[in-house]
Structures are given as structure tokens and as C-alpha cells.
Amino acid sequence: MLCSGSDRLSTHLAGSARATGKSTGVSSCFGSARASRKIDVSTHANTTRRTTCSYTPQHVNRRHLLSAAVWSAASLTLRVPGSEAVDAAAPYDEFAEKYDELNNGFSAKALGLEDLRRIMVKQARGEVLECGVGTGLNLPLYDATKVQSLVAIDLSQGMLDQAVDRARPLPISPVLSLQQATVEALPFEASSFDSVVDTFSLCVYPDPLAALREMRRVVRPGGRVLLLEHNRSPNPLLGAYQDLTAQPVAAMSKGCVYNQDVRQLAERAGLEIVQMTPALGGLIQAVEARKI
């Protein structure tokens with residue numbers, strides 16, 4: 001069961017600490033939908049119940065928590081729908097090759113973010129959609145024995161090019177489809193997926209509520225929306241600091257609003273929270289939700 005993955009996440013937190021194609025749609029199993037650009041990984045070359053546990057490593061003090069929040073926010077990607085999408089994606093096309101150094105380097109590993117990604121992503125199963133795949137940091141983490149198909153989307157073509165290279169040797173590659181699309185207007189019919197995954201992208205979506213409503217629309221009844229996101233800390237001091245610095249952090253990090261209330265957004269989108277697990281003093285929130 002999916003909830004068993006959440007149990008493992010809770011146990012882990014308590015115990016130790018993202019080519020050019022002209023195809024439209026994904027495949028006939030998703031039906032006709034709004035057009036999006038699809039990348040074939042196999043053929044393209046280089047162009048292509050709330051928990052109370054929390055995870056704060058003993059060596060991470062309050063100063064580290066605050067700097068971690070700013071650092072991780074600054075490493076994220078902006079995705080804007082509609083006519084502005086190409087212009088918004090352009091800066092990230094340019095630094096796509098350096099993205100992993102920013103978002104999955106030593107600091108991320110020291111703070112346990114890599115482990116959080118791994119445990120959350122392994123809960124995905126059946127027909128899976130990943131939103132904001134970026135350079136594909138999550139792709140090696142999927143359990144290929146449990147995933148029937150994986151569609152991964154991002155607005156930035158440069159990011160997707162990097163994801164193609166990362167995906168090619170992976171066990172998940174034969175069932176993977178990479179597409180250029182925007183999450184606020186997903187090009188898939190309703191109830192197309194068993195699992196929807198989003199990690200550290202909700203804060204940069206221009207309309208996070210619309211994004212979550214789209215995730216809810218495309219997930220099947222009984223399926224799961226799995227989120228690992230920046231969140232406003234329930235700690236009064238950390239929360240106040242986030243509120244005070246939210247505007248400059250958003251400007252510095254190209255749009256990341258890192259003091260969002262993830263639970264409130266998910267519930268407003270019509271999702272039922274199955275489990276929430278905080279990390280790093282509540283600056284990070286792992287969420288397992290389902291369609292109501």
C-alpha cells in the first residue's frame with residue numbers, strides 16, 4: 001500500500017535524519033488532450049493522519065536551517081504558463097548544465113534532502129506523472145518494478161535535455177516519456193494517473209493552487225499525489241523569518257515563495273491529506289494526499 005511508504009518516511013525522519021519533438025500527447029492510453037512537446041528517451045541523442053516526527057540532523061542548528069531555506073529556494077526553477085512560458089524558461093535553459101550542482105550538491109545531501117526525495121519517490125506506482133522534473137534528479141529513485149509508465153514534464157527544454165541524458169541508462173527508461181508542458185494546464189485527460197509526484201517545485205509555480213487542482217484532476221480516484229515541498233515553518237521564529245524574507249528570497253530565487261502553507265493549498269485544491277511529515281523544523285513538508 002502507498003501508506004506503507006509514508007510509514008517508512010516517518011520512520012526515516014524520526015530515526016536519523018528535471019531534443020525537440022513534434023509529437024502531441026503521451027500515448028493513446030492517456031487519450032487526446034492539449035498538445036505538448038514529447039521527447040523519446042530511447043531514440044533521441046543529446047539534443048533530444050499527521051505525524052509528529054520531524055527530521056533535523058543534530059549538527060544542523062538554527063542558522064543552518066535559515067541558510068538552508070534560502071539556499072534551497074535559490075536553486076529552484078520558475079515555470080510560467082501561457083504566452084510567457086518560453087521567456088520564463090530561457091534563463092533555466094542557460095544554466096541547466098549547472099543545475100544539479102545547485103540543487104543536489106553537498107549541502108542538499110548533508111541536510112538529508114536526497115534521502116527525502118528517495119523515500120517519497122519510491123511510493124509512486126502504476127501510471128505515474130512527475131511535475132517539474134527538471135534535470136531528472138528523481139528519475140533514478142523510481143522503483144521500476146512498481147511503475148507501469150512514467151510521464152515527466154517540465155517547462156524548460158534545457159532541463160529536459162539534461163533529463164534525457166540522465167534517464168537513458170536507468171531501469172525506468174523503457175517506460176519513460178519526457179514532455180515540455182506547464183503544470184497549471186496539464187495536457188492529459190482527467191483520471192489518467194495512479195500517482196502524481198512533485199518535489200520542490202510548488203513554491204515556484206505562479207499559481208500553485210491551479211497546479212494542485214490540475215494534479216487532482218489527472219490523478220485517479222484512490223490514487224496519490226505525493227509532494228515534497230518548501231513550507232512555512234510552524235516554529236514562530238522560523239515562520240516569522242520566512243514571512244520577513246519571502247519577497248527578497250522570491251526575487252533572488254526567480255520566484256520561489258518559500259513560506260506557503262502546503263497543507264492549506266492542498267486542501268483548497270480538493271485533496272485529502274493522508275499523511276504529512278515535517279522536516280528541518282517544518283521548512284520542508286512531505287505530503288501524501290488523495291483525490292476526494
# chains A, B, ... in the order shown; residues from 1 in each chain; ligands from 1
>>> closest_atom_pairs(of="region 110-166 of chain A", to="region 273-282 of chain A", cutoff="10 Å", atoms="only C-alpha atoms", output="CSV")
residue,atom,partner,partner_atom,distance
A:Leu111,CA,A:Leu280,CA,8.0
A:Gly112,CA,A:Leu280,CA,9.1
A:Leu113,CA,A:Ala279,CA,9.2
A:Leu116,CA,A:Ala279,CA,8.9
>>> closest_residue(among="A:Gly134, A:Gly126, A:Pro140, A:Gly255", to="Cys203 (chain A)", atoms="only C-alpha atoms")
A:Gly255
>>> residues_around(residues="Arg290 (chain A)", least_positions_apart="6", cutoff="10 Å", atoms="only C-alpha atoms", output="PyMOL selection string")
chain A and resi 195-196+216+219-226+266+270-275
>>> atom_distance(atom1="CA of Ile119 (chain A)", atom2="CA of Gln285 (chain A)")
13.1 Å
>>> residues_around(residues="Thr245 (chain A)", least_positions_apart="5", cutoff="10 Å", atoms="only C-alpha atoms", output="tab-separated table (two decimals) with N, CA, C and O atoms, in the first residue's frame")
chain	number	residue	atom	x	y	z
A	70	VAL	N	17.06	29.51	2.46
A	70	VAL	CA	17.39	30.46	1.40
A	70	VAL	C	18.13	29.77	0.27
A	70	VAL	O	17.86	29.98	-0.90
A	239	GLY	N	9.01	30.80	11.12
A	239	GLY	CA	7.91	31.27	10.29
A	239	GLY	C	7.96	32.78	10.09
A	239	GLY	O	7.75	33.29	8.98
A	240	ALA	N	8.26	33.51	11.16
A	240	ALA	CA	8.36	34.97	11.08
A	240	ALA	C	9.51	35.37	10.17
A	240	ALA	O	9.39	36.33	9.38
A	250	ALA	N	12.11	35.44	-2.98
A	250	ALA	CA	11.43	35.19	-4.25
A	250	ALA	C	12.15	35.90	-5.40
A	250	ALA	O	12.31	35.34	-6.50
A	257	VAL	N	8.30	31.14	-3.64
A	257	VAL	CA	7.59	31.63	-2.46
A	257	VAL	C	7.71	30.54	-1.40
A	257	VAL	O	6.94	29.58	-1.38
A	258	TYR	N	8.69	30.68	-0.52
A	258	TYR	CA	9.03	29.56	0.35
A	258	TYR	C	8.31	29.56	1.68
A	258	TYR	O	8.62	28.76	2.56
A	259	ASN	N	7.32	30.45	1.84
A	259	ASN	CA	6.54	30.45	3.07
A	259	ASN	C	5.08	30.09	2.81
A	259	ASN	O	4.18	30.55	3.51
>>> closest_residue(among="A:His230, A:Arg263, A:Arg268, A:Arg168", to="Val287 (chain A)", atoms="only C-alpha atoms")
A:Arg263
>>> closest_residue(among="A:Glu288, A:Asp154, A:Glu214, A:Glu114", to="Ser192 (chain A)", atoms="only C-alpha atoms")
A:Glu214
>>> decode(residues="region 159-184 of chain A", atoms="N, CA and C atoms", output="CSV table (one decimal), in the first residue's frame")
chain,number,residue,atom,x,y,z
A,159,MET,N,16.4,21.9,-19.4
A,159,MET,CA,16.3,21.0,-18.3
A,159,MET,C,16.0,19.6,-18.8
A,160,LEU,N,15.0,19.5,-19.7
A,160,LEU,CA,14.6,18.2,-20.2
A,160,LEU,C,15.8,17.5,-21.0
A,161,ASP,N,16.6,18.3,-21.7
A,161,ASP,CA,17.8,17.7,-22.4
A,161,ASP,C,18.7,17.0,-21.4
A,162,GLN,N,18.9,17.7,-20.2
A,162,GLN,CA,19.7,17.0,-19.2
A,162,GLN,C,19.0,15.8,-18.6
A,163,ALA,N,17.7,15.8,-18.5
A,163,ALA,CA,17.0,14.7,-18.0
A,163,ALA,C,17.1,13.5,-19.0
A,164,VAL,N,17.1,13.8,-20.3
A,164,VAL,CA,17.3,12.7,-21.3
A,164,VAL,C,18.6,11.9,-21.0
A,165,ASP,N,19.7,12.7,-20.8
A,165,ASP,CA,20.9,12.1,-20.6
A,165,ASP,C,21.0,11.2,-19.3
A,166,ARG,N,20.3,11.8,-18.3
A,166,ARG,CA,20.3,11.0,-17.0
A,166,ARG,C,19.5,9.8,-17.1
A,167,ALA,N,18.4,9.8,-17.9
A,167,ALA,CA,17.4,8.7,-17.9
A,167,ALA,C,17.9,7.5,-18.8
A,168,ARG,N,18.7,7.8,-19.8
A,168,ARG,CA,19.0,6.8,-20.8
A,168,ARG,C,19.4,5.4,-20.2
A,169,PRO,N,20.4,5.4,-19.2
A,169,PRO,CA,20.8,4.1,-18.7
A,169,PRO,C,20.0,3.6,-17.6
A,170,LEU,N,18.9,4.2,-17.2
A,170,LEU,CA,18.2,3.8,-16.0
A,170,LEU,C,17.2,2.7,-16.3
A,171,PRO,N,16.8,1.9,-15.3
A,171,PRO,CA,15.8,0.8,-15.5
A,171,PRO,C,14.5,1.4,-15.9
A,172,ILE,N,14.2,2.6,-15.5
A,172,ILE,CA,12.9,3.2,-15.7
A,172,ILE,C,12.8,3.7,-17.2
A,173,SER,N,13.9,3.8,-17.9
A,173,SER,CA,13.9,4.4,-19.2
A,173,SER,C,12.9,3.8,-20.2
A,174,PRO,N,12.7,2.5,-20.3
A,174,PRO,CA,11.8,2.0,-21.3
A,174,PRO,C,10.4,2.4,-21.1
A,175,VAL,N,10.0,2.9,-20.0
A,175,VAL,CA,8.6,3.3,-19.8
A,175,VAL,C,8.5,4.8,-19.5
A,176,LEU,N,9.5,5.5,-19.8
A,176,LEU,CA,9.6,6.9,-19.5
A,176,LEU,C,9.3,7.8,-20.7
A,177,SER,N,8.5,8.8,-20.6
A,177,SER,CA,8.2,9.8,-21.6
A,177,SER,C,8.4,11.2,-21.0
A,178,LEU,N,9.3,12.0,-21.6
A,178,LEU,CA,9.6,13.4,-21.1
A,178,LEU,C,8.9,14.3,-22.0
A,179,GLN,N,8.2,15.3,-21.4
A,179,GLN,CA,7.4,16.3,-22.2
A,179,GLN,C,7.6,17.7,-21.7
A,180,GLN,N,7.6,18.6,-22.6
A,180,GLN,CA,7.6,20.1,-22.3
A,180,GLN,C,6.2,20.5,-22.1
A,181,ALA,N,5.8,20.9,-20.9
A,181,ALA,CA,4.4,21.3,-20.6
A,181,ALA,C,4.4,22.1,-19.3
A,182,THR,N,3.3,22.8,-19.1
A,182,THR,CA,3.2,23.6,-17.9
A,182,THR,C,2.1,22.9,-16.9
A,183,VAL,N,2.5,22.9,-15.7
A,183,VAL,CA,1.6,22.1,-14.7
A,183,VAL,C,0.3,22.7,-14.5
A,184,GLU,N,0.2,24.1,-14.7
A,184,GLU,CA,-1.1,24.7,-14.4
A,184,GLU,C,-2.2,24.4,-15.5
